[in-house]
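Have a look at structure_25.txt below; it lists compact mmCIF, C-alpha atoms.
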# COMPACT_ATOMS: atom_id res chain seq x y z
CA MET J 1 0.00 0.00 0.00
CA ASN J 2 1.30 3.43 -0.89
CA THR J 3 1.61 5.45 2.31
CA LEU J 4 2.09 8.70 0.44
CA SER J 5 -1.60 8.77 -0.40
CA TYR J 6 -2.39 9.38 3.26
CA LYS J 7 -0.42 12.59 3.54
CA THR J 8 -2.44 15.64 4.45
CA ILE J 9 -2.35 18.26 1.72
CA SER J 10 -1.59 21.66 3.17
CA ALA J 11 -2.46 24.67 1.04
CA ASN J 12 0.04 27.44 0.47
CA LYS J 13 -0.04 30.78 -1.27
CA ALA J 14 0.65 29.23 -4.68
CA THR J 15 -1.99 26.49 -4.51
CA VAL J 16 -4.86 28.55 -3.07
CA THR J 17 -7.80 29.33 -5.37
CA LYS J 18 -9.35 32.62 -4.32
CA GLU J 19 -12.68 33.75 -5.69
CA TRP J 20 -14.74 36.93 -5.52
CA VAL J 21 -18.20 36.61 -3.97
CA VAL J 22 -21.00 39.11 -3.37
CA VAL J 23 -23.16 38.87 -0.26
CA ASP J 24 -26.41 40.83 0.01
CA ALA J 25 -26.93 42.00 3.59
CA THR J 26 -30.57 43.02 3.15
CA ASP J 27 -32.64 41.97 6.20
CA GLN J 28 -29.79 39.84 7.59
CA VAL J 29 -29.09 39.72 11.33
CA LEU J 30 -25.75 41.45 11.83
CA GLY J 31 -24.01 38.86 14.04
CA ARG J 32 -25.05 35.86 11.96
CA LEU J 33 -24.00 37.63 8.77
CA GLY J 34 -20.66 38.53 10.36
CA SER J 35 -19.87 34.99 11.46
CA LYS J 36 -20.62 33.53 8.03
CA VAL J 37 -18.59 36.22 6.27
CA ALA J 38 -15.69 35.58 8.67
CA LYS J 39 -15.80 31.88 7.75
CA LEU J 40 -15.82 32.81 4.05
CA LEU J 41 -12.79 35.08 4.58
CA ARG J 42 -10.90 32.30 6.40
CA GLY J 43 -11.77 29.70 3.78
CA LYS J 44 -13.48 27.30 6.19
CA TYR J 45 -16.08 26.35 3.59
CA LYS J 46 -13.36 25.01 1.28
CA PRO J 47 -12.03 21.44 1.42
CA ASN J 48 -8.38 22.59 1.33
CA TYR J 49 -8.69 24.86 4.41
CA THR J 50 -5.38 25.46 6.14
CA PRO J 51 -5.40 27.47 9.39
CA HIS J 52 -2.18 29.42 8.86
CA VAL J 53 -2.77 30.41 5.19
CA ASP J 54 -5.04 33.02 3.62
CA CYS J 55 -7.13 30.55 1.60
CA GLY J 56 -10.47 32.38 1.84
CA ASP J 57 -12.39 34.34 -0.75
CA ASN J 58 -12.59 38.05 -1.39
CA VAL J 59 -16.00 39.08 -0.06
CA ILE J 60 -18.06 42.08 -1.18
CA ILE J 61 -20.98 42.98 1.09
CA ILE J 62 -23.67 45.19 -0.45
CA ASN J 63 -26.67 46.87 1.21
CA ALA J 64 -24.91 47.10 4.57
CA ASP J 65 -27.35 49.85 5.54
CA LYS J 66 -30.19 47.30 5.62
CA VAL J 67 -28.79 44.95 8.29
CA LYS J 68 -30.88 44.44 11.40
CA MET J 69 -30.32 43.56 15.01
CA THR J 70 -32.76 41.65 17.18
CA GLY J 71 -34.12 43.03 20.41
CA ASN J 72 -32.95 46.44 21.53
CA LYS J 73 -29.30 45.88 20.63
CA TRP J 74 -29.10 49.05 18.52
CA ASN J 75 -29.08 51.09 21.75
CA ASP J 76 -28.23 48.65 24.54
CA ARG J 77 -25.05 47.10 23.12
CA VAL J 78 -21.91 49.01 24.12
CA TYR J 79 -18.66 49.19 22.15
CA LEU J 80 -15.56 50.61 23.83
CA SER J 81 -12.59 52.47 22.42
CA PHE J 82 -9.53 53.55 24.34
CA SER J 83 -7.14 56.27 23.25
CA GLY J 84 -4.34 55.14 25.56
CA TYR J 85 -4.53 58.23 27.76
CA PRO J 86 -6.04 58.39 31.27
CA GLY J 87 -9.76 59.05 30.95
CA GLY J 88 -9.59 58.26 27.24
CA GLN J 89 -12.10 55.42 27.22
CA LYS J 90 -15.23 56.14 25.21
CA GLU J 91 -18.31 54.05 24.74
CA TYR J 92 -20.75 54.08 21.86
CA SER J 93 -23.66 52.02 20.61
CA PRO J 94 -24.25 50.55 17.14
CA ALA J 95 -26.83 53.28 16.54
CA ASP J 96 -24.17 55.93 17.27
CA LEU J 97 -21.74 54.28 14.86
CA LYS J 98 -24.42 53.92 12.16
CA ALA J 99 -25.24 57.64 12.40
CA LYS J 100 -21.68 58.66 11.50
CA PRO J 101 -20.48 59.07 7.91
CA ASN J 102 -19.85 55.66 6.31
CA GLY J 103 -21.13 54.18 9.58
CA ASP J 104 -22.97 51.25 8.01
CA ALA J 105 -19.80 49.89 6.44
CA ARG J 106 -17.76 50.59 9.58
CA LEU J 107 -20.27 48.71 11.74
CA VAL J 108 -20.15 45.58 9.57
CA MET J 109 -16.33 45.78 9.37
CA LYS J 110 -16.12 46.04 13.17
CA VAL J 111 -18.35 43.00 13.66
CA VAL J 112 -16.43 40.86 11.15
CA LYS J 113 -13.06 41.99 12.53
CA GLY J 114 -14.07 40.76 15.98
CA MET J 115 -14.70 37.28 14.54
CA LEU J 116 -11.33 36.94 12.80
CA PRO J 117 -8.04 35.88 14.45
CA LYS J 118 -6.28 38.59 16.43
CA ASN J 119 -2.93 38.35 14.64
CA ARG J 120 -1.24 39.30 11.35
CA LEU J 121 -3.28 36.75 9.43
CA GLY J 122 -6.52 38.27 10.74
CA ALA J 123 -5.41 41.72 9.60
CA LYS J 124 -4.56 40.32 6.18
CA LEU J 125 -7.91 38.56 5.93
CA LEU J 126 -9.78 41.76 6.79
CA ARG J 127 -8.23 43.44 3.74
CA ASN J 128 -10.15 40.91 1.61
CA LEU J 129 -13.48 42.37 2.80
CA TYR J 130 -15.23 45.19 0.96
CA VAL J 131 -18.39 46.70 2.45
CA TYR J 132 -20.77 49.07 0.66
CA ALA J 133 -23.89 50.70 2.10
CA GLY J 134 -25.82 50.63 -1.17
CA PRO J 135 -26.46 48.05 -3.88
CA ASP J 136 -23.56 49.21 -6.10
CA HIS J 137 -19.92 48.19 -5.85
CA LYS J 138 -16.83 48.90 -7.94
CA HIS J 139 -15.61 45.32 -8.41
CA GLU J 140 -17.45 44.29 -11.58
CA ALA J 141 -14.11 43.71 -13.32
CA GLN J 142 -13.40 40.76 -11.01
CA SER J 143 -16.73 39.16 -12.15
CA PRO J 144 -17.85 38.15 -8.64
CA LYS J 145 -20.50 35.50 -8.15
CA THR J 146 -23.49 36.18 -5.93
CA ILE J 147 -24.06 33.70 -3.12
CA ASP J 148 -26.98 33.24 -0.75
CA ILE J 149 -25.62 33.58 2.77
CA ASN J 150 -28.63 31.72 4.22
CA VAL J 151 -27.53 28.45 2.56
CA LEU J 152 -24.20 28.42 4.43
CA LYS J 153 -23.97 26.92 7.91
Here is the file; what I need is its structure written in the form of structure tokens.
Amino acid sequence: MNTLSYKTISANKATVTKEWVVVDATDQVLGRLGSKVAKLLRGKYKPNYTPHVDCGDNVIIINADKVKMTGNKWNDRVYLSFSGYPGGQKEYSPADLKAKPNGDARLVMKVVKGMLPKNRLGAKLLRNLYVYAGPDHKHEAQSPKTIDINVLK
């Protein structure tokens, strides 16, 4: 019996097949959308997933202004930021962030960033995410395919 057939194939930068996908965020719950997009960015839906390699897809999220949150999370959830100076901790809610310019995209980016690894790979994976508040995006040249996020687990 050939024992070489039992070797685990580990993907690297040269063997990874990256695709462009479009996800419509209309009427999606923000946390569930974020977790599925984070798995798409990591490549966990692919059979050749390797934890230490960027083997995920490039994800374009459109209609980020139409995401929803259940309950009263728009006002009750608290995000913290710290400037590094004494007394420099600020708190804000998702509604506060959404009210700012480009707030819809920043809110989705913040949620997805929290679900990625907290290392250099996570920062690299986050650069593969593009979020737009409206239905238009500027990546038609990459010919992305539209996927239904509700089908993914």
Skip J:Gly31 itself and residues of its chain fewer than 3 positions away, then list as a PDB file with C-alpha atoms, in the frame of the given file all residues within 9 Å of it, counting all atoms listed in the file.
ATOM      1  CA  GLN J  28     -29.790  39.840   7.590  1.00  0.00           C
ATOM      2  CA  GLY J  34     -20.660  38.530  10.360  1.00  0.00           C
ATOM      3  CA  SER J  35     -19.870  34.990  11.460  1.00  0.00           C
ATOM      4  CA  LYS J  36     -20.620  33.530   8.030  1.00  0.00           C
ATOM      5  CA  MET J  69     -30.320  43.560  15.010  1.00  0.00           C
ATOM      6  CA  VAL J 108     -20.150  45.580   9.570  1.00  0.00           C
ATOM      7  CA  VAL J 111     -18.350  43.000  13.660  1.00  0.00           C
ATOM      8  CA  VAL J 112     -16.430  40.860  11.150  1.00  0.00           C
TER       9      VAL J 112
END
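The closest residue to J:Lys18, picked from J:Arg42, J:Lys68, J:Arg32, J:His52 and counting only C-alpha atoms, is J:Arg42.
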(Q) I'd like the contact shell of stretch 135-151 of chain J - 7 Å cut-off, only C-alpha atoms, skipping same-chain residues fewer than 2 positions apart - returned as an MDAnalysis selection string. (A) chainID J and resid 20:23 62:63 132 153
Store the residues picked out above, limited to C-alpha atoms, as a CSV table (one decimal), in the coordinates of the input.
chain,number,residue,atom,x,y,z
J,20,TRP,CA,-14.7,36.9,-5.5
J,21,VAL,CA,-18.2,36.6,-4.0
J,22,VAL,CA,-21.0,39.1,-3.4
J,23,VAL,CA,-23.2,38.9,-0.3
J,62,ILE,CA,-23.7,45.2,-0.4
J,63,ASN,CA,-26.7,46.9,1.2
J,132,TYR,CA,-20.8,49.1,0.7
J,153,LYS,CA,-24.0,26.9,7.9
Q: State, in Å with one decimal place, the distance from atom CA of J:Val131 to atom CA of J:Asp65.
A: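 Computing it gives 10.0 Å between the two atoms.
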Q. Within 10 Å of (-11.5, 26.8, 0.6), in the coordinates the file gives, what residues turn up when you count all atoms listed in the file, written out as an MDAnalysis selection string?
A. chainID J and resid 11 16:19 39:50 54:57
Write to file, as a PDB file, keeping the file's coordinate frame, the residues of the selection just made, with C-alpha atoms.
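What follows is the written file result.pdb:
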ATOM      1  CA  ALA J  11      -2.460  24.670   1.040  1.00  0.00           C
ATOM      2  CA  VAL J  16      -4.860  28.550  -3.070  1.00  0.00           C
ATOM      3  CA  THR J  17      -7.800  29.330  -5.370  1.00  0.00           C
ATOM      4  CA  LYS J  18      -9.350  32.620  -4.320  1.00  0.00           C
ATOM      5  CA  GLU J  19     -12.680  33.750  -5.690  1.00  0.00           C
ATOM      6  CA  LYS J  39     -15.800  31.880   7.750  1.00  0.00           C
ATOM      7  CA  LEU J  40     -15.820  32.810   4.050  1.00  0.00           C
ATOM      8  CA  LEU J  41     -12.790  35.080   4.580  1.00  0.00           C
ATOM      9  CA  ARG J  42     -10.900  32.300   6.400  1.00  0.00           C
ATOM     10  CA  GLY J  43     -11.770  29.700   3.780  1.00  0.00           C
ATOM     11  CA  LYS J  44     -13.480  27.300   6.190  1.00  0.00           C
ATOM     12  CA  TYR J  45     -16.080  26.350   3.590  1.00  0.00           C
ATOM     13  CA  LYS J  46     -13.360  25.010   1.280  1.00  0.00           C
ATOM     14  CA  PRO J  47     -12.030  21.440   1.420  1.00  0.00           C
ATOM     15  CA  ASN J  48      -8.380  22.590   1.330  1.00  0.00           C
ATOM     16  CA  TYR J  49      -8.690  24.860   4.410  1.00  0.00           C
ATOM     17  CA  THR J  50      -5.380  25.460   6.140  1.00  0.00           C
ATOM     18  CA  ASP J  54      -5.040  33.020   3.620  1.00  0.00           C
ATOM     19  CA  CYS J  55      -7.130  30.550   1.600  1.00  0.00           C
ATOM     20  CA  GLY J  56     -10.470  32.380   1.840  1.00  0.00           C
ATOM     21  CA  ASP J  57     -12.390  34.340  -0.750  1.00  0.00           C
TER      22      ASP J  57
END
Q: Would you mind reading off the distance between atom CA of J:Asp104 and atom CA of J:Asn58, one decimal, in Å?
A: 19.2 Å
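Among J:Leu116, J:Ala38, J:Leu97, J:Leu152, the residue with the shortest atom-to-atom distance to J:Leu80, counting all atoms listed in the file, is J:Leu97.
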Q: Grab the atom CA of J:Ala95 to atom CA of J:Ala123 distance for me, in Å with one decimal place.
A: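 About the pair atom CA of J:Ala95 and atom CA of J:Ala123: they are 25.3 Å apart.
With all atoms listed in the file as the atoms that count, the residue of J:Val29, J:Ile9, J:Val78, J:Ala105 with the shortest distance to J:Tyr92 is J:Val78.
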Edge lengths and centre in Å, axis-aligned, stretch 28-39 of chain J plus 6 Å each side, as lines of an AutoDock Vina configuration file:
center_x = -22.7
center_y = 36.7
center_z = 10.2
size_x = 26.1
size_y = 21.6
size_z = 19.8
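Taking all atoms listed in the file into account, J:Lys98 lies nearest to J:Ala133 out of the set J:Ala14, J:Leu125, J:Ala133, J:Met115.
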Would you mind completing stretch 138-149 of chain J to all heavy atoms and writing the output as an mmCIF file, keeping the file's coordinate frame?
data_model
loop_
_atom_site.group_PDB
_atom_site.id
_atom_site.type_symbol
_atom_site.label_atom_id
_atom_site.label_comp_id
_atom_site.auth_asym_id
_atom_site.auth_seq_id
_atom_site.Cartn_x
_atom_site.Cartn_y
_atom_site.Cartn_z
ATOM 1 N N LYS J 138 -17.752 48.578 -6.843
ATOM 2 C CA LYS J 138 -16.830 48.900 -7.940
ATOM 3 C C LYS J 138 -15.952 47.721 -8.348
ATOM 4 O O LYS J 138 -14.874 47.909 -8.875
ATOM 5 C CB LYS J 138 -15.954 50.086 -7.553
ATOM 6 C CG LYS J 138 -15.128 49.857 -6.303
ATOM 7 C CD LYS J 138 -14.313 51.072 -5.963
ATOM 8 C CE LYS J 138 -13.473 50.807 -4.738
ATOM 9 N NZ LYS J 138 -12.671 51.963 -4.365
ATOM 10 N N HIS J 139 -16.420 46.494 -8.125
ATOM 11 C CA HIS J 139 -15.610 45.320 -8.410
ATOM 12 C C HIS J 139 -16.206 44.456 -9.515
ATOM 13 O O HIS J 139 -16.060 43.235 -9.489
ATOM 14 C CB HIS J 139 -15.440 44.477 -7.137
ATOM 15 C CG HIS J 139 -14.862 45.254 -5.997
ATOM 16 N ND1 HIS J 139 -13.529 45.551 -5.905
ATOM 17 C CD2 HIS J 139 -15.440 45.809 -4.913
ATOM 18 C CE1 HIS J 139 -13.308 46.246 -4.805
ATOM 19 N NE2 HIS J 139 -14.458 46.415 -4.185
ATOM 20 N N GLU J 140 -16.878 45.061 -10.482
ATOM 21 C CA GLU J 140 -17.450 44.290 -11.580
ATOM 22 C C GLU J 140 -16.372 43.646 -12.445
ATOM 23 O O GLU J 140 -16.600 42.623 -13.080
ATOM 24 C CB GLU J 140 -18.344 45.167 -12.462
ATOM 25 C CG GLU J 140 -19.713 45.433 -11.877
ATOM 26 C CD GLU J 140 -19.732 46.626 -10.948
ATOM 27 O OE1 GLU J 140 -18.728 47.385 -10.923
ATOM 28 O OE2 GLU J 140 -20.731 46.812 -10.244
ATOM 29 N N ALA J 141 -15.190 44.242 -12.490
ATOM 30 C CA ALA J 141 -14.110 43.710 -13.320
ATOM 31 C C ALA J 141 -13.633 42.341 -12.830
ATOM 32 O O ALA J 141 -13.116 41.548 -13.618
ATOM 33 C CB ALA J 141 -12.931 44.682 -13.348
ATOM 34 N N GLN J 142 -13.815 42.059 -11.550
ATOM 35 C CA GLN J 142 -13.400 40.760 -11.010
ATOM 36 C C GLN J 142 -14.460 39.685 -11.272
ATOM 37 O O GLN J 142 -14.253 38.534 -10.918
ATOM 38 C CB GLN J 142 -13.146 40.855 -9.505
ATOM 39 C CG GLN J 142 -11.820 41.476 -9.148
ATOM 40 C CD GLN J 142 -11.797 42.982 -9.321
ATOM 41 O OE1 GLN J 142 -12.814 43.652 -9.272
ATOM 42 N NE2 GLN J 142 -10.612 43.524 -9.548
ATOM 43 N N SER J 143 -15.584 40.045 -11.862
ATOM 44 C CA SER J 143 -16.730 39.160 -12.150
ATOM 45 C C SER J 143 -17.070 38.287 -10.947
ATOM 46 O O SER J 143 -16.938 37.060 -10.983
ATOM 47 C CB SER J 143 -16.475 38.309 -13.387
ATOM 48 O OG SER J 143 -15.385 37.448 -13.209
ATOM 49 N N PRO J 144 -17.520 38.922 -9.843
ATOM 50 C CA PRO J 144 -17.850 38.150 -8.640
ATOM 51 C C PRO J 144 -19.146 37.378 -8.830
ATOM 52 O O PRO J 144 -20.026 37.773 -9.595
ATOM 53 C CB PRO J 144 -17.989 39.217 -7.572
ATOM 54 C CG PRO J 144 -18.404 40.426 -8.305
ATOM 55 C CD PRO J 144 -17.738 40.355 -9.651
ATOM 56 N N LYS J 145 -19.254 36.270 -8.114
ATOM 57 C CA LYS J 145 -20.500 35.500 -8.150
ATOM 58 C C LYS J 145 -21.294 35.797 -6.888
ATOM 59 O O LYS J 145 -20.733 35.968 -5.804
ATOM 60 C CB LYS J 145 -20.218 34.010 -8.305
ATOM 61 C CG LYS J 145 -19.494 33.371 -7.151
ATOM 62 C CD LYS J 145 -19.369 31.886 -7.358
ATOM 63 C CE LYS J 145 -18.799 31.250 -6.110
ATOM 64 N NZ LYS J 145 -18.771 29.809 -6.188
ATOM 65 N N THR J 146 -22.594 35.880 -7.051
ATOM 66 C CA THR J 146 -23.490 36.180 -5.930
ATOM 67 C C THR J 146 -23.833 34.874 -5.222
ATOM 68 O O THR J 146 -24.195 33.893 -5.855
ATOM 69 C CB THR J 146 -24.776 36.853 -6.431
ATOM 70 O OG1 THR J 146 -24.412 38.013 -7.186
ATOM 71 C CG2 THR J 146 -25.659 37.256 -5.290
ATOM 72 N N ILE J 147 -23.704 34.887 -3.894
ATOM 73 C CA ILE J 147 -24.060 33.700 -3.120
ATOM 74 C C ILE J 147 -25.142 34.059 -2.111
ATOM 75 O O ILE J 147 -25.239 35.199 -1.671
ATOM 76 C CB ILE J 147 -22.842 33.076 -2.405
ATOM 77 C CG1 ILE J 147 -22.230 34.050 -1.394
ATOM 78 C CG2 ILE J 147 -21.794 32.636 -3.375
ATOM 79 C CD1 ILE J 147 -21.234 33.403 -0.478
ATOM 80 N N ASP J 148 -25.943 33.070 -1.775
ATOM 81 C CA ASP J 148 -26.980 33.240 -0.750
ATOM 82 C C ASP J 148 -26.373 32.850 0.588
ATOM 83 O O ASP J 148 -25.976 31.696 0.793
ATOM 84 C CB ASP J 148 -28.189 32.372 -1.081
ATOM 85 C CG ASP J 148 -29.324 32.603 -0.106
ATOM 86 O OD1 ASP J 148 -29.305 33.615 0.628
ATOM 87 O OD2 ASP J 148 -30.247 31.766 -0.076
ATOM 88 N N ILE J 149 -26.279 33.815 1.493
ATOM 89 C CA ILE J 149 -25.620 33.580 2.770
ATOM 90 C C ILE J 149 -26.452 32.660 3.662
ATOM 91 O O ILE J 149 -25.932 32.023 4.576
ATOM 92 C CB ILE J 149 -25.320 34.932 3.462
ATOM 93 C CG1 ILE J 149 -24.216 34.774 4.523
ATOM 94 C CG2 ILE J 149 -26.552 35.529 4.071
ATOM 95 C CD1 ILE J 149 -22.863 34.692 3.964
#
